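Pasting protein32.cif here (mmCIF, C-alpha atoms and all ligand atoms):
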```cif
data_query
#
loop_
_atom_site.label_atom_id
_atom_site.label_comp_id
_atom_site.auth_asym_id
_atom_site.auth_seq_id
_atom_site.Cartn_x
_atom_site.Cartn_y
_atom_site.Cartn_z
CA MET A 970 77.95 -14.38 -65.34
CA HIS A 971 80.37 -15.69 -62.78
CA ASP A 972 81.65 -14.92 -59.31
CA PHE A 973 85.27 -14.00 -60.05
CA VAL A 974 85.28 -10.25 -59.43
CA TYR A 975 87.71 -7.53 -58.48
CA LYS A 976 87.11 -5.94 -55.12
CA GLY A 977 89.39 -2.95 -55.00
CA LYS A 978 92.54 -4.11 -56.76
CA SER A 979 92.27 -7.79 -55.79
CA LEU A 980 90.57 -10.61 -57.65
CA TYR A 981 88.11 -12.53 -55.49
CA CYS A 982 86.30 -15.80 -56.00
CA GLU A 983 82.99 -15.07 -54.26
CA ASP A 984 84.11 -13.57 -50.93
CA VAL A 985 87.61 -15.01 -50.78
CA PRO A 986 90.70 -13.26 -52.19
CA VAL A 987 92.32 -15.53 -54.78
CA GLU A 988 95.71 -14.51 -53.41
CA ARG A 989 94.87 -15.99 -50.01
CA ILE A 990 93.91 -19.35 -51.51
CA ALA A 991 97.08 -19.42 -53.63
CA ALA A 992 99.19 -18.63 -50.57
CA GLU A 993 97.62 -21.47 -48.57
CA VAL A 994 97.21 -24.13 -51.25
CA GLY A 995 100.07 -23.27 -53.63
CA THR A 996 99.96 -22.99 -57.40
CA PRO A 997 98.95 -24.05 -59.97
CA LEU A 998 95.45 -24.57 -58.69
CA TYR A 999 91.97 -24.91 -60.12
CA LEU A 1000 89.41 -22.73 -58.41
CA TYR A 1001 85.64 -23.19 -58.71
CA SER A 1002 82.81 -21.04 -57.41
CA ARG A 1003 79.96 -22.95 -55.81
CA ALA A 1004 77.58 -20.01 -56.37
CA THR A 1005 78.35 -19.94 -60.10
CA LEU A 1006 78.05 -23.71 -60.47
CA GLU A 1007 74.70 -23.80 -58.69
CA ARG A 1008 73.32 -20.78 -60.52
CA HIS A 1009 74.39 -22.10 -63.93
CA PHE A 1010 72.82 -25.49 -63.26
CA SER A 1011 69.61 -23.99 -61.96
CA VAL A 1012 69.26 -21.51 -64.81
CA PHE A 1013 69.84 -24.23 -67.41
CA ASP A 1014 67.60 -26.79 -65.74
CA GLY A 1015 64.94 -24.19 -64.99
CA ALA A 1016 64.82 -23.14 -68.64
CA PHE A 1017 63.27 -26.53 -69.43
CA SER A 1018 60.79 -26.56 -66.57
CA ALA A 1019 57.81 -26.40 -68.95
CA VAL A 1020 58.50 -29.92 -70.27
CA PRO A 1021 59.28 -33.27 -68.66
CA HIS A 1022 63.07 -33.44 -68.69
CA LEU A 1023 66.21 -34.69 -66.98
CA THR A 1024 69.37 -32.57 -67.03
CA CYS A 1025 72.28 -35.00 -67.15
CA TYR A 1026 75.43 -32.99 -66.47
CA SER A 1027 78.26 -34.20 -68.72
CA VAL A 1028 80.85 -35.59 -66.30
CA LYS A 1029 83.78 -35.31 -68.70
CA ALA A 1030 83.70 -31.50 -68.53
CA CYS A 1031 84.74 -31.45 -64.87
CA SER A 1032 84.65 -34.74 -63.01
CA ASN A 1033 85.55 -33.96 -59.40
CA ILE A 1034 83.23 -35.89 -57.08
CA ALA A 1035 82.52 -32.82 -54.94
CA ILE A 1036 81.20 -31.04 -58.01
CA LEU A 1037 79.18 -34.08 -59.04
CA ARG A 1038 77.70 -34.18 -55.52
CA LEU A 1039 76.79 -30.50 -55.75
CA PHE A 1040 74.82 -31.13 -58.96
CA ALA A 1041 73.29 -34.37 -57.63
CA ARG A 1042 71.90 -32.39 -54.69
CA LEU A 1043 70.21 -30.09 -57.19
CA GLY A 1044 68.52 -33.10 -58.79
CA ALA A 1045 70.90 -33.58 -61.69
CA GLY A 1046 71.51 -36.79 -63.55
CA VAL A 1047 74.77 -37.36 -65.43
CA ASP A 1048 76.01 -38.23 -68.89
CA VAL A 1049 79.00 -40.59 -68.67
CA VAL A 1050 81.36 -42.09 -71.22
CA SER A 1051 83.28 -44.73 -69.25
CA GLY A 1052 83.12 -47.12 -66.35
CA GLY A 1053 85.33 -44.68 -64.49
CA GLU A 1054 82.76 -41.93 -64.88
CA ILE A 1055 79.99 -44.26 -63.67
CA PHE A 1056 82.13 -45.04 -60.62
CA ARG A 1057 82.64 -41.33 -59.90
CA ALA A 1058 78.95 -40.56 -60.34
CA LEU A 1059 77.88 -43.31 -57.95
CA LYS A 1060 80.53 -42.28 -55.44
CA ALA A 1061 79.14 -38.75 -55.60
CA GLY A 1062 75.63 -39.99 -54.90
CA VAL A 1063 74.05 -39.72 -58.35
CA PRO A 1064 71.16 -42.22 -58.54
CA PRO A 1065 71.80 -44.92 -61.22
CA ALA A 1066 68.33 -44.18 -62.58
CA LYS A 1067 69.67 -40.78 -63.68
CA ILE A 1068 72.77 -42.02 -65.55
CA VAL A 1069 72.99 -42.14 -69.35
CA TYR A 1070 76.02 -43.79 -70.91
CA SER A 1071 77.39 -42.65 -74.31
CA GLY A 1072 80.66 -43.38 -76.12
CA VAL A 1073 81.84 -45.24 -79.23
CA GLY A 1074 84.05 -47.74 -77.43
CA LYS A 1075 82.29 -49.28 -74.45
CA LYS A 1076 84.14 -52.39 -73.27
CA ARG A 1077 82.39 -55.59 -72.16
CA ALA A 1078 83.42 -55.05 -68.52
CA GLU A 1079 82.06 -51.50 -68.63
CA ILE A 1080 78.77 -52.72 -70.10
CA GLU A 1081 78.50 -55.36 -67.37
CA TYR A 1082 79.20 -52.77 -64.69
CA ALA A 1083 76.60 -50.38 -66.10
CA LEU A 1084 74.00 -53.17 -66.27
CA GLN A 1085 74.74 -54.29 -62.73
CA CYS A 1086 74.31 -50.70 -61.54
CA ASP A 1087 71.02 -50.55 -63.48
CA ILE A 1088 71.67 -47.22 -65.20
CA LEU A 1089 68.86 -45.41 -66.99
CA GLN A 1090 70.02 -45.85 -70.58
CA PHE A 1091 72.86 -46.81 -72.90
CA ASN A 1092 73.29 -44.47 -75.84
CA VAL A 1093 74.48 -46.99 -78.41
CA GLU A 1094 76.84 -45.88 -81.15
CA SER A 1095 77.18 -48.91 -83.46
CA ALA A 1096 75.48 -52.10 -84.64
CA GLN A 1097 78.21 -54.24 -83.05
CA GLU A 1098 77.90 -52.47 -79.72
CA LEU A 1099 74.15 -53.10 -79.79
CA GLU A 1100 74.72 -56.83 -80.25
CA LEU A 1101 77.29 -56.99 -77.47
CA ILE A 1102 75.04 -55.12 -75.04
CA SER A 1103 72.22 -57.54 -75.82
CA GLN A 1104 74.47 -60.58 -75.25
CA VAL A 1105 75.87 -59.25 -71.98
CA ALA A 1106 72.43 -58.27 -70.70
CA GLU A 1107 70.99 -61.68 -71.60
CA ALA A 1108 73.83 -63.43 -69.79
CA LEU A 1109 73.08 -61.36 -66.71
CA GLY A 1110 69.35 -62.02 -67.00
CA LYS A 1111 68.65 -58.36 -67.61
CA LYS A 1112 67.25 -56.09 -70.30
CA ALA A 1113 69.39 -53.12 -71.26
CA ARG A 1114 67.47 -49.90 -71.82
CA ILE A 1115 68.93 -48.34 -74.93
CA ALA A 1116 68.77 -45.37 -77.24
CA LEU A 1117 70.54 -45.36 -80.57
CA ARG A 1118 72.73 -42.33 -81.04
CA ILE A 1119 71.81 -40.92 -84.41
CA ASN A 1120 74.30 -38.99 -86.45
CA PRO A 1121 72.04 -36.35 -88.05
CA ASP A 1122 74.74 -34.96 -90.39
CA VAL A 1123 74.39 -31.38 -89.20
CA ASP A 1124 77.26 -28.88 -89.21
CA PRO A 1125 77.57 -27.40 -85.70
CA LYS A 1126 79.93 -24.67 -86.99
CA THR A 1127 82.51 -25.21 -84.28
CA HIS A 1128 86.15 -26.32 -84.06
CA PRO A 1129 86.59 -29.49 -86.18
CA TYR A 1130 88.00 -31.45 -83.21
CA ILE A 1131 84.79 -30.94 -81.23
CA SER A 1132 82.29 -31.37 -84.05
CA THR A 1133 80.58 -34.75 -83.71
CA GLY A 1134 77.35 -34.76 -85.71
CA LEU A 1135 78.76 -34.87 -89.24
CA LYS A 1136 78.88 -38.04 -91.31
CA LYS A 1137 82.65 -37.92 -91.36
CA ASN A 1138 82.78 -38.01 -87.53
CA LYS A 1139 83.13 -41.32 -85.69
CA PHE A 1140 80.05 -40.79 -83.54
CA GLY A 1141 76.61 -42.33 -83.73
CA ILE A 1142 74.80 -44.37 -86.34
CA LYS A 1143 74.06 -42.74 -89.67
CA ILE A 1144 70.45 -41.79 -89.91
CA GLU A 1145 69.84 -43.84 -93.09
CA ALA A 1146 70.86 -47.07 -91.31
CA ALA A 1147 69.19 -46.30 -88.01
CA LEU A 1148 65.66 -47.43 -88.90
CA ASP A 1149 66.88 -50.96 -89.61
CA GLU A 1150 69.01 -50.94 -86.48
CA TYR A 1151 66.00 -49.95 -84.38
CA THR A 1152 63.94 -52.74 -85.90
CA LYS A 1153 66.75 -55.16 -85.10
CA ALA A 1154 67.12 -53.75 -81.58
CA ALA A 1155 63.43 -54.20 -80.88
CA GLY A 1156 63.84 -57.92 -81.59
CA LEU A 1157 67.00 -58.54 -79.55
CA PRO A 1158 66.49 -60.55 -76.36
CA GLY A 1159 68.63 -58.40 -74.04
CA ILE A 1160 67.38 -55.05 -75.28
CA GLN A 1161 64.54 -52.74 -74.39
CA VAL A 1162 64.33 -49.75 -76.73
CA THR A 1163 63.63 -46.66 -74.64
CA GLY A 1164 65.07 -43.68 -76.41
CA ILE A 1165 66.87 -41.85 -79.15
CA ALA A 1166 69.99 -39.75 -78.72
CA CYS A 1167 72.00 -37.21 -80.66
CA HIS A 1168 74.86 -34.85 -79.85
CA ILE A 1169 76.26 -32.71 -82.64
CA GLY A 1170 79.28 -31.03 -81.08
CA SER A 1171 80.54 -28.65 -78.46
CA GLN A 1172 81.00 -24.89 -78.00
CA ILE A 1173 78.10 -24.22 -80.38
CA THR A 1174 77.23 -20.53 -80.39
CA GLU A 1175 74.05 -20.51 -82.50
CA VAL A 1176 70.65 -22.09 -82.00
CA SER A 1177 70.14 -23.14 -85.62
CA PRO A 1178 72.33 -26.30 -85.68
CA PHE A 1179 70.44 -27.64 -82.65
CA VAL A 1180 67.10 -26.92 -84.31
CA ASP A 1181 68.21 -28.53 -87.58
CA ALA A 1182 69.31 -31.67 -85.75
CA LEU A 1183 66.11 -31.80 -83.74
CA LYS A 1184 63.96 -31.50 -86.87
CA ARG A 1185 65.71 -34.55 -88.34
CA VAL A 1186 65.40 -36.52 -85.12
CA LYS A 1187 61.72 -35.60 -84.84
CA ALA A 1188 60.97 -36.85 -88.36
CA PHE A 1189 62.87 -40.01 -87.52
CA VAL A 1190 60.88 -40.59 -84.31
CA GLN A 1191 57.69 -40.31 -86.36
CA ALA A 1192 59.03 -42.96 -88.76
CA LEU A 1193 59.81 -45.19 -85.79
CA SER A 1194 56.38 -44.73 -84.36
CA ALA A 1195 54.89 -45.78 -87.72
CA ARG A 1196 56.83 -49.04 -87.25
CA GLY A 1197 55.41 -49.48 -83.78
CA ILE A 1198 58.58 -48.44 -81.94
CA ALA A 1199 57.84 -45.93 -79.18
CA ILE A 1200 60.42 -43.52 -77.82
CA ALA A 1201 60.20 -42.49 -74.17
CA TYR A 1202 63.43 -40.49 -73.90
CA LEU A 1203 64.70 -37.96 -76.38
CA ASP A 1204 68.33 -37.14 -75.55
CA ILE A 1205 69.58 -34.07 -77.43
CA GLY A 1206 73.09 -34.11 -75.96
CA GLY A 1207 75.01 -31.06 -74.86
CA GLY A 1208 77.05 -28.54 -76.78
CA LEU A 1209 75.79 -25.10 -75.84
CA GLY A 1210 78.72 -22.69 -76.01
CA ILE A 1211 80.00 -20.04 -73.61
CA THR A 1212 81.78 -16.70 -73.85
CA TYR A 1213 85.55 -17.13 -73.71
CA ASN A 1214 86.33 -13.96 -75.61
CA GLU A 1215 83.82 -12.25 -77.85
CA GLU A 1216 81.46 -15.13 -78.60
CA THR A 1217 77.78 -14.39 -78.07
CA PRO A 1218 76.15 -17.79 -77.50
CA PRO A 1219 72.40 -17.99 -76.94
CA HIS A 1220 71.25 -17.80 -73.33
CA PRO A 1221 69.98 -21.16 -72.03
CA SER A 1222 66.44 -19.74 -72.08
CA GLU A 1223 66.74 -18.97 -75.80
CA TYR A 1224 68.15 -22.43 -76.48
CA ALA A 1225 65.41 -24.03 -74.37
CA GLY A 1226 62.70 -21.97 -76.09
CA ALA A 1227 63.83 -23.15 -79.53
CA VAL A 1228 64.08 -26.78 -78.39
CA ILE A 1229 60.73 -26.77 -76.63
CA SER A 1230 58.89 -25.29 -79.60
CA GLU A 1231 60.42 -27.97 -81.84
CA LEU A 1232 59.17 -30.67 -79.43
CA GLN A 1233 55.51 -29.85 -79.98
CA GLY A 1234 53.56 -33.02 -80.62
CA MET A 1235 56.25 -35.33 -79.23
CA ASN A 1236 55.35 -37.26 -76.17
CA CYS A 1237 58.67 -38.00 -74.53
CA THR A 1238 60.93 -36.96 -71.67
CA LEU A 1239 63.75 -34.73 -72.81
CA ILE A 1240 67.30 -35.55 -71.71
CA LEU A 1241 69.95 -32.81 -71.85
CA GLU A 1242 73.68 -33.32 -71.45
CA PRO A 1243 75.21 -29.90 -70.79
CA GLY A 1244 78.83 -29.71 -69.69
CA ARG A 1245 80.69 -26.55 -70.61
CA VAL A 1246 77.75 -24.18 -70.21
CA ILE A 1247 77.42 -25.21 -66.56
CA VAL A 1248 81.05 -25.37 -65.44
CA GLY A 1249 83.14 -23.47 -68.01
CA ASN A 1250 82.92 -20.00 -66.54
CA ALA A 1251 82.65 -21.29 -62.98
CA GLY A 1252 86.34 -22.22 -62.85
CA ALA A 1253 89.74 -20.56 -63.23
CA LEU A 1254 93.29 -21.85 -63.26
CA VAL A 1255 95.52 -19.83 -60.95
CA ALA A 1256 99.25 -19.72 -61.63
CA ARG A 1257 102.26 -17.79 -60.42
CA VAL A 1258 104.78 -15.95 -62.59
CA LEU A 1259 108.17 -17.68 -62.40
CA TYR A 1260 110.21 -15.56 -64.80
CA THR A 1261 109.83 -12.95 -67.48
CA LYS A 1262 111.97 -12.84 -70.62
CA LYS A 1263 111.99 -9.87 -72.92
CA SER A 1264 113.53 -9.58 -76.33
CA ASP A 1265 113.06 -7.43 -79.42
CA ALA A 1266 111.12 -10.24 -81.06
CA LYS A 1267 108.89 -11.37 -78.22
CA ASN A 1268 108.04 -11.07 -74.55
CA PHE A 1269 107.52 -14.23 -72.55
CA ILE A 1270 105.89 -14.59 -69.17
CA VAL A 1271 106.77 -18.02 -67.78
CA VAL A 1272 104.21 -19.26 -65.24
CA ASP A 1273 103.97 -22.42 -63.16
CA ALA A 1274 100.93 -23.80 -65.03
CA ALA A 1275 101.45 -25.52 -68.36
CA MET A 1276 99.79 -27.46 -71.16
CA ASN A 1277 99.60 -30.49 -68.87
CA ASP A 1278 97.32 -28.43 -66.61
CA LEU A 1279 95.24 -26.76 -69.33
CA VAL A 1280 95.68 -28.22 -72.80
CA ARG A 1281 92.94 -26.27 -74.59
CA PRO A 1282 95.15 -23.43 -75.89
CA SER A 1283 97.72 -25.91 -77.27
CA LEU A 1284 95.22 -28.40 -78.62
CA TYR A 1285 92.51 -26.17 -80.09
CA ASP A 1286 94.26 -22.81 -80.13
CA ALA A 1287 91.56 -21.88 -77.64
CA PHE A 1288 91.36 -18.40 -76.15
CA HIS A 1289 91.26 -18.02 -72.37
CA GLU A 1290 91.22 -14.57 -70.81
CA ILE A 1291 94.20 -13.95 -68.52
CA ARG A 1292 93.61 -11.71 -65.52
CA PRO A 1293 96.17 -10.42 -63.04
CA VAL A 1294 95.13 -11.41 -59.51
CA GLN A 1295 96.33 -8.01 -58.23
CA ILE A 1296 95.95 -4.86 -60.28
CA THR A 1297 99.27 -3.07 -59.89
CA GLY A 1298 98.99 -0.31 -62.47
CA ALA A 1299 101.95 -1.72 -64.41
CA PRO A 1300 102.03 -0.65 -68.09
CA GLY A 1301 100.65 -3.06 -70.68
CA ILE A 1302 102.85 -5.22 -72.88
CA ALA A 1303 102.20 -7.88 -75.51
CA ALA A 1304 103.46 -11.25 -74.31
CA ASP A 1305 103.16 -14.98 -74.67
CA ILE A 1306 102.13 -16.61 -71.40
CA VAL A 1307 103.94 -19.94 -71.39
CA GLY A 1308 104.50 -22.90 -69.08
CA PRO A 1309 107.65 -24.83 -68.10
CA ILE A 1310 107.05 -27.77 -70.49
CA CYS A 1311 109.64 -28.61 -73.13
CA GLU A 1312 107.44 -27.92 -76.16
CA SER A 1313 106.95 -24.76 -78.17
CA GLY A 1314 103.25 -25.61 -78.13
CA ASP A 1315 103.17 -25.12 -74.37
CA PHE A 1316 101.38 -21.80 -74.05
CA LEU A 1317 98.30 -20.50 -72.26
CA ALA A 1318 98.05 -17.35 -74.39
CA ARG A 1319 99.94 -15.90 -77.32
CA SER A 1320 100.63 -12.28 -78.23
CA ARG A 1321 98.35 -11.19 -75.44
CA GLN A 1322 98.03 -7.61 -74.23
CA ILE A 1323 98.62 -7.89 -70.50
CA PRO A 1324 100.02 -5.79 -67.64
CA ASP A 1325 103.78 -6.17 -67.38
CA LEU A 1326 103.74 -8.81 -64.66
CA ALA A 1327 106.69 -9.33 -62.33
CA ARG A 1328 108.09 -12.51 -60.81
CA GLY A 1329 105.90 -13.87 -58.04
CA GLU A 1330 102.68 -12.24 -59.23
CA LEU A 1331 99.59 -14.37 -59.76
CA ILE A 1332 97.41 -14.76 -62.83
CA ALA A 1333 93.97 -16.31 -63.27
CA VAL A 1334 93.31 -18.15 -66.51
CA MET A 1335 89.59 -17.63 -66.84
CA SER A 1336 86.84 -19.94 -68.15
CA ALA A 1337 88.91 -22.99 -67.30
CA GLY A 1338 86.20 -24.92 -65.43
CA ALA A 1339 85.28 -27.12 -68.41
CA TYR A 1340 87.82 -29.50 -69.95
CA GLY A 1341 90.51 -27.99 -67.75
CA PHE A 1342 91.46 -30.28 -64.90
CA SER A 1343 89.62 -33.19 -66.53
CA MET A 1344 92.02 -33.10 -69.52
CA SER A 1345 95.12 -32.53 -67.42
CA SER A 1346 98.02 -34.99 -67.40
CA ASN A 1347 101.37 -35.69 -65.79
CA TYR A 1348 103.40 -34.84 -68.88
CA ASN A 1349 106.95 -33.85 -67.96
CA SER A 1350 106.24 -35.59 -64.62
CA ARG A 1351 104.37 -32.60 -63.35
CA PRO A 1352 102.04 -33.46 -60.46
CA ARG A 1353 98.48 -32.47 -61.27
CA ALA A 1354 97.16 -29.26 -59.74
CA ALA A 1355 95.04 -28.97 -56.61
CA GLU A 1356 91.31 -28.24 -56.99
CA VAL A 1357 89.54 -25.85 -54.63
CA LEU A 1358 85.85 -25.10 -54.23
CA VAL A 1359 84.88 -21.70 -52.84
CA SER A 1360 81.57 -21.25 -51.05
CA GLY A 1361 80.88 -17.72 -49.81
CA ASP A 1362 83.71 -16.71 -47.53
CA SER A 1363 85.23 -20.17 -47.13
CA PHE A 1364 87.05 -22.61 -49.36
CA SER A 1365 87.74 -26.36 -49.42
CA VAL A 1366 90.43 -28.35 -51.17
CA ILE A 1367 88.41 -30.87 -53.20
CA ARG A 1368 91.46 -32.53 -54.71
CA GLN A 1369 94.89 -32.38 -53.17
CA ARG A 1370 97.85 -31.49 -55.28
CA GLU A 1371 99.49 -34.69 -56.46
CA THR A 1372 102.88 -35.60 -55.05
CA CYS A 1373 105.83 -37.19 -56.84
CA GLU A 1374 105.05 -40.38 -54.87
CA ASP A 1375 101.50 -40.33 -56.28
CA MET A 1376 102.92 -40.15 -59.78
CA VAL A 1377 105.06 -43.29 -59.47
CA ARG A 1378 102.76 -45.28 -57.19
CA LEU A 1379 101.58 -47.68 -59.89
CA GLU A 1380 105.00 -48.19 -61.47
CA SER A 1381 107.41 -51.00 -60.65
CA ILE A 1382 110.89 -52.14 -61.63
CA PRO A 1383 111.11 -55.77 -62.91
CA ASP A 1384 113.38 -58.18 -61.00
CA TYR A 1385 115.91 -58.41 -63.84
CA LEU A 1386 116.70 -54.74 -63.32
CA THR A 1387 117.22 -54.95 -59.60
N1 LIG X 1401 77.24 -35.33 -74.54
C1 LIG X 1401 78.13 -35.98 -75.30
C2 LIG X 1401 77.76 -37.25 -75.91
C3 LIG X 1401 79.41 -35.42 -75.52
O1 LIG X 1401 80.29 -36.05 -76.29
C4 LIG X 1401 79.73 -34.17 -74.92
C5 LIG X 1401 81.05 -33.58 -75.11
C6 LIG X 1401 78.76 -33.54 -74.10
C7 LIG X 1401 77.52 -34.16 -73.95
C8 LIG X 1401 79.02 -32.24 -73.42
O2 LIG X 1401 79.24 -31.22 -74.33
P1 LIG X 1401 79.32 -29.70 -73.84
O3 LIG X 1401 77.97 -29.30 -73.31
O4 LIG X 1401 80.36 -29.60 -72.79
O5 LIG X 1401 79.69 -28.96 -75.07
N2 LIG X 1401 87.59 -31.02 -74.89
C9 LIG X 1401 86.83 -30.15 -75.76
C10 LIG X 1401 85.35 -30.47 -75.72
C11 LIG X 1401 85.03 -31.92 -76.05
C12 LIG X 1401 83.56 -32.23 -75.94
C13 LIG X 1401 83.34 -33.69 -75.96
N3 LIG X 1401 81.97 -34.10 -75.82
C14 LIG X 1401 87.10 -28.71 -75.36
O6 LIG X 1401 87.91 -28.48 -74.46
O7 LIG X 1401 86.57 -27.80 -75.96
#
```

Take the structure from the file and write it as structure tokens.
Ligand code: LLP
Amino acid sequence: MHDFVYKGKSLYCEDVPVERIAAEVGTPLYLYSRATLERHFSVFDGAFSAVPHLTCYSVKACSNIAILRLFARLGAGVDVVSGGEIFRALKAGVPPAKIVYSGVGKKRAEIEYALQCDILQFNVESAQELELISQVAEALGKKARIALRINPDVDPKTHPYISTGLKKNKFGIKIEAALDEYTKAAGLPGIQVTGIACHIGSQITEVSPFVDALKRVKAFVQALSARGIAIAYLDIGGGLGITYNEETPPHPSEYAGAVISELQGMNCTLILEPGRVIVGNAGALVARVLYTKKSDAKNFIVVDAAMNDLVRPSLYDAFHEIRPVQITGAPGIAADIVGPICESGDFLARSRQIPDLARGELIAVMSAGAYGFSMSSNYNSRPRAAEVLVSGDSFSVIRQRETCEDMVRLESIPDYLT
């Protein structure tokens, strides 16, 4: 459920015509609905209300500080994977006591920063990282609260690039080694063991992989408890999928029901790290048609958004619904919707049945709120798109469109070339 709806023949975001925003802000632009964001967060968070829990929105899905602020005001914590994400979260007003920090490659400076901010927990992904965190914490006269991220070796049945809980993936500590690592952690001077973490992948559309992972983690927590190591926080990561096309992922209440029933007998606070399920369908990428090219072999609709703006179709062959912003009654054609970038892999949709759009018309690339802007780049020296948040009948630019000056600001020409 989202708030991008046709009223008459025009696509609206909440109560604002998308066309009006595009005319004022220009294209390409990312558009988010405040109502959808708030409803998705509240539905997800509310589904776990029967148990002690903290919903830590996964910043990487959509990192704009206005959106982080919106969730913080609803009581959210955040899941971060870099010093940059910690910085954003703090800037947005997320309390440090609600920040969990995952990632396989935390640098010393990032660890120091996180310790100085006094975040809730590090989700540690290797034996070496554990040792470094202990050293850094000791040097700062602190104790780092940690969970070990366990790799439960469960198949999430999703795209291989976004599967993370299999032994062959780089993430986490294999479950067989984790007992010894916990014992070691409990004895390290800069470490306070507080939790256990696991995250098996993303865009998961069934409940069973989550339940399988949780069963393994639960058995493991019991083994830890037998060794006298108590777990206060059980972090089960994110990964719940959304509908892009015809997927039928479980509703958050179904997911929560399965998780909660698996938790019976465990005495810990649950941490959840949802990203896509909160923001995915709350955002769209709006682009304008530049040219159309028709041939016997193929029809192309060239728009002003490209793989630098939304890389998911190129990178994962991901499906995003394309909607015309105005319904014109034009006949349907099959076309590739492509961007201006000099790569054949630069497409937003391929062989898509779509109204025969004309130059100047607008399209909305749906379900682009997650891993859309946050994965965008300047490839081909294309300034990154503007981001706009709609609230009822008004809208705010929450990130200005980059300028060419912005793109070269950090570059310099050495003296010997002047
Ligand atoms: N927690 C951890 C430790 C993660 O690595 C991730 C996502 C999440 C939470 C949030 O997962 P979500 O609820 O959004 O599924 N760029 C890819 C997705 C990469 C996901 C990376 N990790 C895409 O566009 O599909």

Closest contacts (chain A/ligand LIG 1401 (chain X), max 8 Å, all atoms listed in the file) as a tab-separated table:
```
residue	atom	partner	partner_atom	distance
A:Tyr1026	CA	X:LIG1401	C7	7.9
A:Ser1027	CA	X:LIG1401	C8	5.1
A:Lys1029	CA	X:LIG1401	C5	7.2
A:Ala1030	CA	X:LIG1401	O4	5.7
A:Asp1048	CA	X:LIG1401	N1	6.5
A:Val1050	CA	X:LIG1401	C2	7.6
A:Ser1071	CA	X:LIG1401	C2	5.6
A:Gly1072	CA	X:LIG1401	C2	6.8
A:Tyr1130	CA	X:LIG1401	C9	7.7
A:Ile1131	CA	X:LIG1401	C11	5.3
A:Thr1133	CA	X:LIG1401	O1	7.5
A:Cys1167	CA	X:LIG1401	C2	7.5
A:His1168	CA	X:LIG1401	C2	5.4
A:Gly1170	CA	X:LIG1401	O5	6.4
A:Ser1171	CA	X:LIG1401	O5	3.5
A:Gln1172	CA	X:LIG1401	O5	5.2
A:Ile1173	CA	X:LIG1401	O5	7.3
A:Gly1206	CA	X:LIG1401	N1	4.6
A:Gly1207	CA	X:LIG1401	O3	3.8
A:Gly1208	CA	X:LIG1401	O5	3.2
A:Leu1209	CA	X:LIG1401	O3	5.4
A:Gly1210	CA	X:LIG1401	O5	6.4
A:Leu1241	CA	X:LIG1401	C7	8.0
A:Glu1242	CA	X:LIG1401	C7	4.7
A:Pro1243	CA	X:LIG1401	O3	3.8
A:Gly1244	CA	X:LIG1401	O4	3.5
A:Arg1245	CA	X:LIG1401	O4	3.8
A:Val1246	CA	X:LIG1401	O3	6.0
A:Ile1247	CA	X:LIG1401	O3	7.9
A:Val1280	CA	X:LIG1401	O6	7.9
A:Arg1281	CA	X:LIG1401	O6	5.5
A:Tyr1285	CA	X:LIG1401	O7	7.4
A:Ala1287	CA	X:LIG1401	O7	7.9
A:Ala1339	CA	X:LIG1401	O6	6.7
A:Tyr1340	CA	X:LIG1401	O6	4.6
A:Gly1341	CA	X:LIG1401	O6	7.2
A:Met1344	CA	X:LIG1401	N2	7.3
```

Name all residues at most 10 Å from Glu988 of chain A (count only C-alpha atoms; drop same-chain ones fewer than 2 positions away) and give them as a CSV table (one decimal) with C-alpha atoms, in the coordinates of the input.
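New file selection28.csv:
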```csv
chain,number,residue,atom,x,y,z
A,979,SER,CA,92.3,-7.8,-55.8
A,980,LEU,CA,90.6,-10.6,-57.6
A,981,TYR,CA,88.1,-12.5,-55.5
A,982,CYS,CA,86.3,-15.8,-56.0
A,985,VAL,CA,87.6,-15.0,-50.8
A,986,PRO,CA,90.7,-13.3,-52.2
A,990,ILE,CA,93.9,-19.4,-51.5
A,991,ALA,CA,97.1,-19.4,-53.6
A,992,ALA,CA,99.2,-18.6,-50.6
A,993,GLU,CA,97.6,-21.5,-48.6
A,994,VAL,CA,97.2,-24.1,-51.2
A,995,GLY,CA,100.1,-23.3,-53.6
A,1255,VAL,CA,95.5,-19.8,-61.0
A,1294,VAL,CA,95.1,-11.4,-59.5
A,1295,GLN,CA,96.3,-8.0,-58.2
A,1330,GLU,CA,102.7,-12.2,-59.2
A,1331,LEU,CA,99.6,-14.4,-59.8
A,1332,ILE,CA,97.4,-14.8,-62.8
```

(request) Work out how far apart atom CA of Met1276 of chain A and atom CA of Ser1345 of chain A are and give it in Å to one decimal. (result) 7.8 Å

(request) Can you work out which one of A:Ala1083, A:Val1248, A:Ile1229, A:Ile1115 has the shortest atom-to-atom distance to Ile1160 of chain A, counting only C-alpha atoms? (result)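 Closest residue, counting only C-alpha atoms: A:Ile1115.
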
(message) With distances taken over all atoms listed in the file, which residue among A:Arg1292, A:Lys1076, A:Arg1351, A:Lys1137 lies nearest Ile1323 of chain A?
(response)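 Closest residue, counting all atoms listed in the file: A:Arg1292.
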
(request) Name the closest residue to Gly1156 of chain A among the candidates A:Leu1099, A:Ile1291, A:Val1186, A:Ala1035; distances are taken between atoms, counting all atoms listed in the file. (result) A:Leu1099

(message) So that I can see what lies close to Gly1164 of chain A, please list as number ranges by chain the residues with an atom at most 8 Å from it, counting only C-alpha atoms and leaving out residues fewer than 5 positions away in the same chain.
(response) A: 1090, 1115-1117, 1200-1204

(request) For the point (84.8, -24.7, -65.9) in the file's frame, write as a list in words all residues with an atom no more than 6 Å away, counting all atoms listed in the file. (result) Val1248, Gly1249, Asn1250, Ala1251, Gly1252, Ser1336, Ala1337, Gly1338 and Ala1339 of chain A
